[in-house]
>>> print(open('upload.txt').read())   # compact mmCIF, C-alpha atoms and all ligand atoms
# COMPACT_ATOMS: atom_id res chain seq x y z
CA MET A 1 0.00 0.00 0.00
CA ALA A 2 1.11 3.56 -0.67
CA HIS A 3 2.09 5.98 2.07
CA SER A 4 0.57 9.42 2.55
CA ARG A 5 2.22 12.52 3.96
CA ILE A 6 1.35 16.15 4.49
CA LEU A 7 2.73 18.23 1.62
CA GLY A 8 1.58 21.62 2.90
CA THR A 9 -0.62 23.35 5.46
CA GLY A 10 -2.69 26.56 5.45
CA SER A 11 -5.20 28.41 7.58
CA TYR A 12 -7.43 31.43 7.74
CA LEU A 13 -8.99 33.43 10.56
CA PRO A 14 -11.69 36.06 9.95
CA ALA A 15 -10.56 39.64 10.65
CA ASN A 16 -13.09 40.45 13.38
CA VAL A 17 -11.78 39.73 16.89
CA LEU A 18 -14.13 39.41 19.86
CA THR A 19 -12.32 39.77 23.19
CA ASN A 20 -13.53 38.59 26.58
CA ALA A 21 -14.00 42.22 27.62
CA MET A 22 -16.30 42.80 24.63
CA LEU A 23 -18.27 39.65 25.54
CA ALA A 24 -18.64 40.84 29.12
CA GLU A 25 -20.62 43.79 27.76
CA ARG A 26 -23.15 41.37 26.22
CA VAL A 27 -23.55 38.63 28.87
CA GLU A 28 -22.88 38.33 32.59
CA THR A 29 -19.30 37.09 32.51
CA SER A 30 -15.78 38.38 33.02
CA ASP A 31 -12.35 38.08 31.46
CA GLU A 32 -11.15 36.56 34.74
CA TRP A 33 -13.82 33.80 34.71
CA ILE A 34 -13.29 32.89 31.07
CA VAL A 35 -9.49 32.85 31.28
CA SER A 36 -9.34 30.88 34.53
CA ARG A 37 -11.90 28.23 33.44
CA THR A 38 -10.95 27.90 29.78
CA GLY A 39 -7.69 29.69 28.89
CA ILE A 40 -9.50 31.68 26.17
CA HIS A 41 -8.82 35.44 25.78
CA ALA A 42 -10.34 36.16 22.36
CA ARG A 43 -11.86 34.54 19.28
CA HIS A 44 -12.32 35.47 15.62
CA ILE A 45 -15.85 35.94 14.27
CA ALA A 46 -16.82 35.72 10.59
CA SER A 47 -18.49 38.76 9.03
CA ASP A 48 -22.11 38.51 7.88
CA GLU A 49 -20.90 38.22 4.28
CA GLU A 50 -18.51 35.32 4.94
CA THR A 51 -19.53 31.68 4.55
CA THR A 52 -17.81 28.52 5.75
CA SER A 53 -16.72 27.76 2.17
CA ASP A 54 -15.15 31.26 1.95
CA LEU A 55 -13.05 30.51 5.03
CA ALA A 56 -12.23 27.05 3.64
CA LEU A 57 -11.15 28.60 0.32
CA LYS A 58 -8.58 30.89 1.94
CA ALA A 59 -7.12 28.06 4.06
CA ALA A 60 -7.10 25.72 1.04
CA GLN A 61 -5.32 28.26 -1.18
CA ALA A 62 -2.61 28.70 1.46
CA ALA A 63 -2.17 24.92 1.86
CA ILE A 64 -1.95 24.41 -1.92
CA SER A 65 0.61 27.19 -2.21
CA ASN A 66 2.67 25.85 0.71
CA ALA A 67 2.54 22.33 -0.79
CA GLY A 68 4.05 23.75 -3.97
CA ILE A 69 1.55 21.94 -6.20
CA ASP A 70 -0.78 23.04 -8.95
CA LYS A 71 -4.41 23.07 -7.76
CA GLY A 72 -5.30 20.94 -10.80
CA GLU A 73 -3.37 18.04 -9.25
CA ILE A 74 -5.91 17.72 -6.42
CA ASP A 75 -8.01 14.62 -6.96
CA LEU A 76 -10.02 14.52 -3.71
CA ILE A 77 -11.58 17.21 -1.49
CA ILE A 78 -12.89 16.49 2.00
CA VAL A 79 -14.26 19.24 4.22
CA ALA A 80 -14.90 18.60 7.90
CA THR A 81 -17.59 20.97 9.11
CA THR A 82 -20.61 21.08 11.36
CA THR A 83 -21.63 24.53 10.12
CA PRO A 84 -22.02 24.03 6.35
CA ASP A 85 -23.07 26.89 4.07
CA MET A 86 -26.34 25.10 3.31
CA VAL A 87 -28.13 21.78 3.80
CA PHE A 88 -26.80 20.76 0.40
CA PRO A 89 -24.70 20.77 -1.74
CA SER A 90 -21.81 19.93 0.54
CA THR A 91 -19.33 22.64 1.54
CA ALA A 92 -16.68 20.54 -0.24
CA CYS A 93 -18.57 20.92 -3.55
CA LEU A 94 -18.93 24.68 -2.97
CA LEU A 95 -15.21 24.87 -2.19
CA GLN A 96 -14.36 22.88 -5.32
CA GLU A 97 -16.37 25.35 -7.42
CA LYS A 98 -14.62 28.32 -5.78
CA LEU A 99 -11.22 26.71 -6.41
CA GLY A 100 -12.20 26.11 -10.04
CA ILE A 101 -11.18 22.43 -10.11
CA PRO A 102 -14.31 20.52 -11.23
CA GLY A 103 -14.39 16.76 -11.49
CA CYS A 104 -12.70 15.20 -8.46
CA PRO A 105 -14.78 13.64 -5.68
CA ALA A 106 -15.73 16.18 -2.99
CA PHE A 107 -17.72 15.56 0.16
CA ASP A 108 -18.19 16.72 3.75
CA VAL A 109 -17.48 14.80 6.92
CA GLN A 110 -19.55 15.54 10.01
CA ALA A 111 -17.92 14.60 13.30
CA VAL A 112 -18.11 18.08 14.86
CA CYS A 113 -14.87 18.96 16.71
CA ALA A 114 -13.37 15.57 15.77
CA GLY A 115 -14.19 16.16 12.10
CA PHE A 116 -10.63 16.83 10.98
CA MET A 117 -9.46 13.52 12.48
CA PHE A 118 -12.16 11.68 10.51
CA ALA A 119 -11.48 13.64 7.30
CA LEU A 120 -7.70 13.17 7.47
CA THR A 121 -8.06 9.45 8.17
CA THR A 122 -10.45 9.08 5.24
CA ALA A 123 -8.09 10.92 2.87
CA HIS A 124 -5.17 8.81 4.15
CA ASN A 125 -7.03 5.64 3.25
CA TYR A 126 -7.99 6.96 -0.20
CA ILE A 127 -4.28 7.52 -0.85
CA ARG A 128 -3.15 4.23 0.71
CA THR A 129 -5.52 2.29 -1.52
CA GLY A 130 -4.59 4.22 -4.67
CA MET A 131 -7.95 5.98 -5.03
CA ALA A 132 -6.32 9.43 -4.78
CA LYS A 133 -2.85 10.92 -5.07
CA LYS A 134 -3.29 14.44 -3.72
CA ALA A 135 -6.11 15.18 -1.30
CA LEU A 136 -7.20 18.55 0.03
CA VAL A 137 -8.43 18.11 3.60
CA VAL A 138 -10.07 21.10 5.27
CA GLY A 139 -11.62 21.82 8.66
CA ALA A 140 -13.80 24.94 8.46
CA GLU A 141 -16.40 26.34 10.83
CA ILE A 142 -18.56 29.35 11.59
CA MET A 143 -19.56 28.26 15.07
CA SER A 144 -20.70 31.80 15.90
CA ARG A 145 -23.88 31.13 13.85
CA VAL A 146 -25.05 28.23 16.04
CA LEU A 147 -24.41 29.94 19.38
CA ASP A 148 -27.02 31.48 21.64
CA TRP A 149 -25.30 34.82 22.32
CA GLU A 150 -27.32 35.14 25.54
CA ASP A 151 -26.05 31.85 26.96
CA ARG A 152 -22.83 32.63 28.83
CA ARG A 153 -22.12 28.93 29.40
CA THR A 154 -21.49 28.36 25.68
CA CYS A 155 -21.01 31.63 23.78
CA VAL A 156 -17.67 32.40 25.43
CA LEU A 157 -16.10 29.14 24.25
CA PHE A 158 -16.21 29.11 20.47
CA GLY A 159 -14.77 30.94 17.46
CA ASP A 160 -14.64 30.78 13.65
CA GLY A 161 -11.83 29.79 11.29
CA ALA A 162 -10.46 27.26 8.82
CA GLY A 163 -7.37 25.10 8.48
CA ALA A 164 -6.27 22.85 5.62
CA VAL A 165 -3.64 20.35 4.55
CA VAL A 166 -2.68 18.84 1.22
CA LEU A 167 -2.07 15.14 1.78
CA GLY A 168 -0.08 13.44 -0.97
CA GLU A 169 1.12 10.00 -2.00
CA SER A 170 4.66 9.41 -0.78
CA ASP A 171 7.46 6.81 -0.82
CA GLU A 172 8.18 7.54 2.86
CA PRO A 173 5.59 7.08 5.63
CA GLY A 174 3.94 10.32 6.73
CA ILE A 175 0.78 9.23 8.51
CA LEU A 176 1.93 6.36 10.72
CA HIS A 177 -1.33 5.37 12.37
CA ALA A 178 -4.88 6.64 12.82
CA LYS A 179 -7.57 5.62 15.25
CA LEU A 180 -11.21 6.75 15.37
CA ALA A 181 -14.07 6.11 17.79
CA ALA A 182 -17.65 7.17 18.44
CA ASP A 183 -20.33 6.59 21.07
CA GLY A 184 -23.80 7.89 20.25
CA ARG A 185 -25.02 7.22 23.78
CA TYR A 186 -23.51 10.60 24.69
CA LYS A 187 -25.61 12.50 22.11
CA ASP A 188 -27.41 14.55 24.76
CA ILE A 189 -24.46 16.23 26.50
CA LEU A 190 -23.29 18.19 23.44
CA ASN A 191 -25.57 18.90 20.50
CA THR A 192 -27.46 21.33 18.28
CA PRO A 193 -30.63 19.33 17.82
CA ALA A 194 -32.64 21.46 15.35
CA GLN A 195 -33.73 20.27 11.92
CA ILE A 196 -35.41 21.86 8.94
CA SER A 197 -38.83 20.39 8.28
CA GLY A 198 -41.83 21.72 6.38
CA GLY A 199 -39.95 24.95 5.61
CA LYS A 200 -39.38 25.71 9.29
CA ILE A 201 -36.62 25.17 11.83
CA GLN A 202 -37.86 22.50 14.24
CA GLY A 203 -36.24 22.27 17.69
CA MET A 204 -33.38 24.14 19.32
CA PRO A 205 -31.02 25.67 16.70
CA TYR A 206 -28.33 26.64 19.24
CA LEU A 207 -25.40 24.68 20.62
CA HIS A 208 -26.31 22.99 23.91
CA MET A 209 -23.68 21.57 26.24
CA ASP A 210 -23.36 20.02 29.67
CA GLY A 211 -19.88 21.49 30.24
CA PRO A 212 -18.73 19.43 33.25
CA ALA A 213 -19.93 16.13 31.68
CA VAL A 214 -18.18 16.97 28.41
CA PHE A 215 -15.01 17.90 30.28
CA LYS A 216 -14.90 14.59 32.15
CA PHE A 217 -15.60 12.50 29.06
CA ALA A 218 -13.11 14.41 26.87
CA VAL A 219 -10.12 13.98 29.17
CA LYS A 220 -10.63 10.24 29.50
CA ALA A 221 -11.47 9.55 25.83
CA LEU A 222 -8.57 11.64 24.49
CA SER A 223 -6.03 10.14 26.88
CA ASP A 224 -7.22 6.61 26.01
CA ILE A 225 -7.16 7.05 22.24
CA ALA A 226 -3.84 8.89 22.21
CA GLY A 227 -2.24 6.13 24.31
CA LYS A 228 -3.73 3.35 22.14
CA THR A 229 -2.64 5.09 18.92
CA LEU A 230 0.96 5.26 20.12
CA ALA A 231 0.89 1.67 21.42
CA GLU A 232 -0.56 0.26 18.17
CA ALA A 233 1.99 2.21 16.14
CA GLY A 234 4.80 0.95 18.39
CA VAL A 235 5.95 4.53 18.99
CA PRO A 236 7.00 5.37 22.58
CA GLN A 237 5.52 8.62 23.92
CA ASP A 238 9.05 9.99 24.38
CA ASP A 239 9.40 9.94 20.59
CA VAL A 240 6.49 12.37 20.15
CA ASP A 241 7.97 15.78 19.35
CA TRP A 242 4.64 17.62 19.29
CA LEU A 243 1.08 17.08 20.47
CA VAL A 244 -1.45 19.08 18.43
CA PRO A 245 -4.71 18.69 20.35
CA HIS A 246 -8.20 19.96 19.61
CA GLN A 247 -8.36 23.39 21.19
CA ALA A 248 -11.44 23.37 23.46
CA ASN A 249 -10.21 24.14 26.95
CA LEU A 250 -6.69 24.67 28.29
CA ARG A 251 -7.44 22.46 31.30
CA ILE A 252 -8.48 19.57 29.00
CA ILE A 253 -5.29 20.06 26.95
CA GLU A 254 -3.12 20.12 30.09
CA SER A 255 -4.78 17.01 31.56
CA THR A 256 -4.39 15.05 28.33
CA ALA A 257 -0.74 16.07 27.99
CA LYS A 258 -0.15 15.03 31.60
CA HIS A 259 -1.73 11.60 31.02
CA LEU A 260 0.61 11.17 28.04
CA GLY A 261 3.63 12.30 30.05
CA LEU A 262 4.26 15.20 27.65
CA PRO A 263 5.44 18.57 29.02
CA MET A 264 3.40 21.59 27.86
CA GLU A 265 6.51 22.83 25.97
CA ARG A 266 5.77 20.07 23.43
CA VAL A 267 2.08 20.92 23.06
CA ILE A 268 0.80 23.37 20.41
CA VAL A 269 -1.73 25.76 21.95
CA THR A 270 -3.60 28.33 19.85
CA LEU A 271 -6.73 28.38 22.02
CA PRO A 272 -6.05 31.71 23.86
CA GLN A 273 -6.55 33.83 20.72
CA GLN A 274 -8.93 31.54 18.79
CA GLY A 275 -11.27 29.76 21.21
CA ASN A 276 -12.75 26.45 20.10
CA THR A 277 -13.07 26.48 16.31
CA SER A 278 -14.42 22.90 16.23
CA ALA A 279 -13.22 20.98 13.13
CA ALA A 280 -10.87 23.84 12.23
CA SER A 281 -8.91 23.88 15.47
CA ILE A 282 -6.40 21.08 14.79
CA PRO A 283 -5.37 22.19 11.26
CA LEU A 284 -5.25 25.82 12.49
CA ALA A 285 -2.86 24.82 15.28
CA LEU A 286 -0.82 22.58 12.98
CA ASP A 287 -0.40 25.37 10.43
CA ALA A 288 0.56 27.92 13.09
CA ALA A 289 3.32 25.65 14.40
CA VAL A 290 4.58 24.77 10.91
CA ARG A 291 4.70 28.44 9.93
CA ASP A 292 6.53 29.58 13.06
CA GLY A 293 9.09 26.79 12.63
CA ARG A 294 8.28 24.72 15.71
CA ILE A 295 7.08 21.69 13.72
CA ARG A 296 9.79 20.66 11.26
CA ARG A 297 10.15 17.97 8.60
CA GLY A 298 10.93 14.54 10.07
CA GLN A 299 9.40 15.27 13.47
CA THR A 300 6.76 13.01 15.04
CA VAL A 301 3.44 14.71 15.65
CA LEU A 302 0.34 13.41 17.40
CA LEU A 303 -3.00 15.03 16.52
CA GLU A 304 -6.11 14.34 18.62
CA GLY A 305 -9.66 15.62 18.67
CA ILE A 306 -13.07 15.04 20.22
CA GLY A 307 -16.54 16.41 19.63
CA GLY A 308 -20.27 15.91 19.82
CA GLY A 309 -21.60 12.47 19.10
CA PHE A 310 -19.42 11.70 20.90
CA ALA A 311 -16.83 11.15 18.20
CA TRP A 312 -13.08 11.22 18.74
CA GLY A 313 -9.82 10.23 17.13
CA ALA A 314 -6.04 10.55 16.93
CA VAL A 315 -3.60 10.61 14.03
CA LEU A 316 0.12 9.96 14.50
CA LEU A 317 2.36 11.25 11.73
CA ARG A 318 5.88 12.04 10.68
CA TYR A 319 5.74 15.58 9.36
C1 LIG B 1 -17.75 24.99 30.09
C2 LIG B 1 -16.75 24.99 31.23
C3 LIG B 1 -15.66 26.00 30.96
C4 LIG B 1 -17.48 25.38 32.51
O1 LIG B 1 -16.57 25.37 33.58
P1 LIG B 1 -17.00 24.65 34.94
O2 LIG B 1 -15.89 24.89 35.87
O3 LIG B 1 -17.34 23.22 34.59
O4 LIG B 1 -18.24 25.48 35.36
P2 LIG B 1 -19.76 25.03 35.60
O5 LIG B 1 -20.42 24.72 34.29
O6 LIG B 1 -19.78 23.97 36.65
O7 LIG B 1 -20.35 26.37 36.17
C5 LIG B 1 -19.86 26.96 37.35
C6 LIG B 1 -20.57 28.28 37.57
O8 LIG B 1 -20.08 29.23 36.60
C7 LIG B 1 -21.20 29.84 35.94
N1 LIG B 1 -20.79 30.19 34.59
C8 LIG B 1 -20.90 29.43 33.46
N2 LIG B 1 -20.42 30.10 32.41
C9 LIG B 1 -20.00 31.31 32.88
C10 LIG B 1 -19.42 32.43 32.28
N3 LIG B 1 -19.14 32.48 30.95
N4 LIG B 1 -19.12 33.48 33.05
C11 LIG B 1 -19.35 33.47 34.35
N5 LIG B 1 -19.92 32.44 35.00
C12 LIG B 1 -20.23 31.36 34.26
C13 LIG B 1 -22.28 28.80 35.98
O9 LIG B 1 -23.55 29.39 35.80
C14 LIG B 1 -22.07 28.20 37.35
O10 LIG B 1 -22.67 29.06 38.29
P3 LIG B 1 -23.53 28.45 39.50
O11 LIG B 1 -22.56 27.61 40.28
O12 LIG B 1 -23.99 29.67 40.22
O13 LIG B 1 -24.62 27.65 38.86
C15 LIG B 1 -16.12 23.59 31.40
O14 LIG B 1 -17.07 22.70 31.93
C16 LIG B 1 -15.61 23.04 30.12
O15 LIG B 1 -14.70 23.56 29.51
N6 LIG B 1 -16.20 21.92 29.64
C17 LIG B 1 -15.79 21.32 28.40
C18 LIG B 1 -16.26 22.16 27.27
C19 LIG B 1 -15.74 21.70 25.97
O16 LIG B 1 -14.59 21.39 25.85
N7 LIG B 1 -16.60 21.66 24.97
C20 LIG B 1 -16.26 21.34 23.64
C21 LIG B 1 -15.90 19.91 23.51
S1 LIG B 1 -15.54 19.61 21.83
>>> encode(input="upload.txt", output="structure tokens", more="lines below")
Ligand SMILES: CC(C)(COP(=O)(O)OP(=O)(O)OC[C@H]1O[C@@H](n2cnc3c(N)ncnc32)[C@H](O)[C@@H]1OP(=O)(O)O)[C@@H](O)C(=O)NCCC(=O)NCCS
Amino acid sequence: MAHSRILGTGSYLPANVLTNAMLAERVETSDEWIVSRTGIHARHIASDEETTSDLALKAAQAAISNAGIDKGEIDLIIVATTTPDMVFPSTACLLQEKLGIPGCPAFDVQAVCAGFMFALTTAHNYIRTGMAKKALVVGAEIMSRVLDWEDRRTCVLFGDGAGAVVLGESDEPGILHAKLAADGRYKDILNTPAQISGGKIQGMPYLHMDGPAVFKFAVKALSDIAGKTLAEAGVPQDDVDWLVPHQANLRIIESTAKHLGLPMERVIVTLPQQGNTSAASIPLALDAAVRDGRIRRGQTVLLEGIGGGFAWGAVLLRY
């Protein structure tokens, strides 16, 4: 079977920044509460004119440019999103049209904040089995549109953005191992349960979360899957140069790193200025660390994410 490796990364954050102080003018909260409970200081918010596929386009263009390939070489597009532009067509099809590369398969993956893990694993297997040679994998979200801006328990946590990678066929192993999991029994502790029916929105169209229950589940599930991924790959945790976790809460990130025996100096953290950007958070963090030179070619990187469903996963790779 062929190997797959990341050829280039890219990301995009909307220009508008919403600080904790600005939020405290809208709901009963404070910078002190948000920072101490979550580690978040600010988040980016898409403008009314921007769509998820617009954010995805900018991240994708950067990834294609950094990969040094021609966009016409892309033969698979997967977008992980839980906030698509529309019910259908998929955001991946809209992105393909914006990129001007008709023809290749394009589809969305919905695993909420774990979406990028599912999308990357899917693209990896397309390449391994010879069904694709250069895949564009994007995580893009406008979470601000599914938040109740009067609910202080949730609106302080999330932000908007997009991150992308170009994954290409390679002689050398890039992705070493991937592991995914899901448990629908936890559907009620994190969800946005509305649906469109009869021309109307039926049910609650805002993100609902039982924060403490999610926190407890996330730490255990992420620690378990990260440990199993390393064990199955036969890679000792000391060999991991960088952990790139889903950016939901600094305390979750710190607990998971501790379980793995990794010091925080080897963990990529973008959460303070971005909040939780759901499926976009891992590729946003990966791109930031590649661009600032922390993650270098040949290093071993562990990605991990978890989100509503619950769905979670980890991908171990040699960058
Ligand atoms: C959401 C989270 C930060 C809340 O922190 P917590 O320490 O668990 O806080 P609780 O929910 O128990 O609430 C404690 C108190 O703070 C209050 N509170 C909640 N949000 C607040 C806010 N933004 N500002 C001020 N007070 C707030 C609550 O109303 C509660 O008050 P009460 O005791 O008078 O009822 C935390 O549970 C968390 O991060 N969970 C995981 C979230 C996550 O990662 N989600 C995405 C997964 S992909």
>>> residues_near_ligand(input="upload.txt", ligand="ligand LIG 1 (chain B)", cutoff="7 Å", atoms="all atoms listed in the file", output="tab-separated table (two decimals) with C-alpha atoms, in the frame of the given file")
chain	number	residue	atom	x	y	z
A	28	GLU	CA	-22.88	38.33	32.59
A	29	THR	CA	-19.30	37.09	32.51
A	30	SER	CA	-15.78	38.38	33.02
A	33	TRP	CA	-13.82	33.80	34.71
A	34	ILE	CA	-13.29	32.89	31.07
A	37	ARG	CA	-11.90	28.23	33.44
A	38	THR	CA	-10.95	27.90	29.78
A	113	CYS	CA	-14.87	18.96	16.71
A	152	ARG	CA	-22.83	32.63	28.83
A	153	ARG	CA	-22.12	28.93	29.40
A	154	THR	CA	-21.49	28.36	25.68
A	156	VAL	CA	-17.67	32.40	25.43
A	211	GLY	CA	-19.88	21.49	30.24
A	212	PRO	CA	-18.73	19.43	33.25
A	214	VAL	CA	-18.18	16.97	28.41
A	215	PHE	CA	-15.01	17.90	30.28
A	248	ALA	CA	-11.44	23.37	23.46
A	249	ASN	CA	-10.21	24.14	26.95
A	278	SER	CA	-14.42	22.90	16.23
A	306	ILE	CA	-13.07	15.04	20.22
A	307	GLY	CA	-16.54	16.41	19.63
A	308	GLY	CA	-20.27	15.91	19.82
>>> closest_residue(input="upload.txt", among="A:Glu50, A:Asp210, A:Asp75, A:Asp160", to="Gly275 (chain A)", atoms="only C-alpha atoms")
A:Asp160
>>> atom_distance(input="upload.txt", atom1="CA of Pro173 (chain A)", atom2="CA of Ala80 (chain A)")
23.6 Å
>>> atom_distance(input="upload.txt", atom1="CA of Asp151 (chain A)", atom2="CA of His208 (chain A)")
9.4 Å
>>> residues_around(input="upload.txt", residues="Ala194 (chain A)", least_positions_apart="3", cutoff="12 Å", atoms="all atoms listed in the file", output="list in words")
Val146, Asn191, Ser197, Lys200, Ile201, Gln202, Gly203, Met204, Pro205, Tyr206, Leu207 and His208 of chain A
>>> closest_residue(input="upload.txt", among="A:Gly227, A:Gly130, A:Gly103, A:Pro263", to="Leu303 (chain A)", atoms="only C-alpha atoms")
A:Gly227
>>> residues_near_point(input="upload.txt", point="(-11.4, 8.6, 16.6)", cutoff="9 Å", atoms="all atoms listed in the file", output="PyMOL selection string")
chain A and resi 114+117-118+178-182+222+225+304-306+311-315
>>> build_atoms(input="upload.txt", residues="region 288-299 of chain A", atoms="N, CA and C atoms", output="PDB file, keeping the file's coordinate frame")
ATOM      1  N   ALA A 288      -0.143  26.882  12.317  1.00  0.00           N
ATOM      2  CA  ALA A 288       0.560  27.920  13.090  1.00  0.00           C
ATOM      3  C   ALA A 288       1.954  27.432  13.473  1.00  0.00           C
ATOM      4  N   ALA A 289       2.034  26.171  13.930  1.00  0.00           N
ATOM      5  CA  ALA A 289       3.320  25.650  14.400  1.00  0.00           C
ATOM      6  C   ALA A 289       4.277  25.325  13.252  1.00  0.00           C
ATOM      7  N   VAL A 290       3.724  24.985  12.085  1.00  0.00           N
ATOM      8  CA  VAL A 290       4.580  24.770  10.910  1.00  0.00           C
ATOM      9  C   VAL A 290       5.133  26.115  10.464  1.00  0.00           C
ATOM     10  N   ARG A 291       4.268  27.123  10.428  1.00  0.00           N
ATOM     11  CA  ARG A 291       4.700  28.440   9.930  1.00  0.00           C
ATOM     12  C   ARG A 291       5.724  29.096  10.855  1.00  0.00           C
ATOM     13  N   ASP A 292       5.555  28.914  12.176  1.00  0.00           N
ATOM     14  CA  ASP A 292       6.530  29.580  13.060  1.00  0.00           C
ATOM     15  C   ASP A 292       7.771  28.714  13.306  1.00  0.00           C
ATOM     16  N   GLY A 293       7.855  27.570  12.623  1.00  0.00           N
ATOM     17  CA  GLY A 293       9.090  26.790  12.630  1.00  0.00           C
ATOM     18  C   GLY A 293       9.213  25.798  13.780  1.00  0.00           C
ATOM     19  N   ARG A 294       8.180  25.698  14.633  1.00  0.00           N
ATOM     20  CA  ARG A 294       8.280  24.720  15.710  1.00  0.00           C
ATOM     21  C   ARG A 294       8.194  23.295  15.146  1.00  0.00           C
ATOM     22  N   ILE A 295       7.191  23.021  14.324  1.00  0.00           N
ATOM     23  CA  ILE A 295       7.080  21.690  13.720  1.00  0.00           C
ATOM     24  C   ILE A 295       7.904  21.679  12.433  1.00  0.00           C
ATOM     25  N   ARG A 296       8.875  20.716  12.404  1.00  0.00           N
ATOM     26  CA  ARG A 296       9.790  20.660  11.260  1.00  0.00           C
ATOM     27  C   ARG A 296       9.703  19.276  10.596  1.00  0.00           C
ATOM     28  N   ARG A 297      10.151  19.223   9.357  1.00  0.00           N
ATOM     29  CA  ARG A 297      10.150  17.970   8.600  1.00  0.00           C
ATOM     30  C   ARG A 297      10.887  16.870   9.372  1.00  0.00           C
ATOM     31  N   GLY A 298      10.296  15.684   9.410  1.00  0.00           N
ATOM     32  CA  GLY A 298      10.930  14.540  10.070  1.00  0.00           C
ATOM     33  C   GLY A 298      10.502  14.371  11.516  1.00  0.00           C
ATOM     34  N   GLN A 299       9.817  15.381  12.070  1.00  0.00           N
ATOM     35  CA  GLN A 299       9.400  15.270  13.470  1.00  0.00           C
ATOM     36  C   GLN A 299       8.118  14.412  13.595  1.00  0.00           C
TER      37      GLN A 299
END
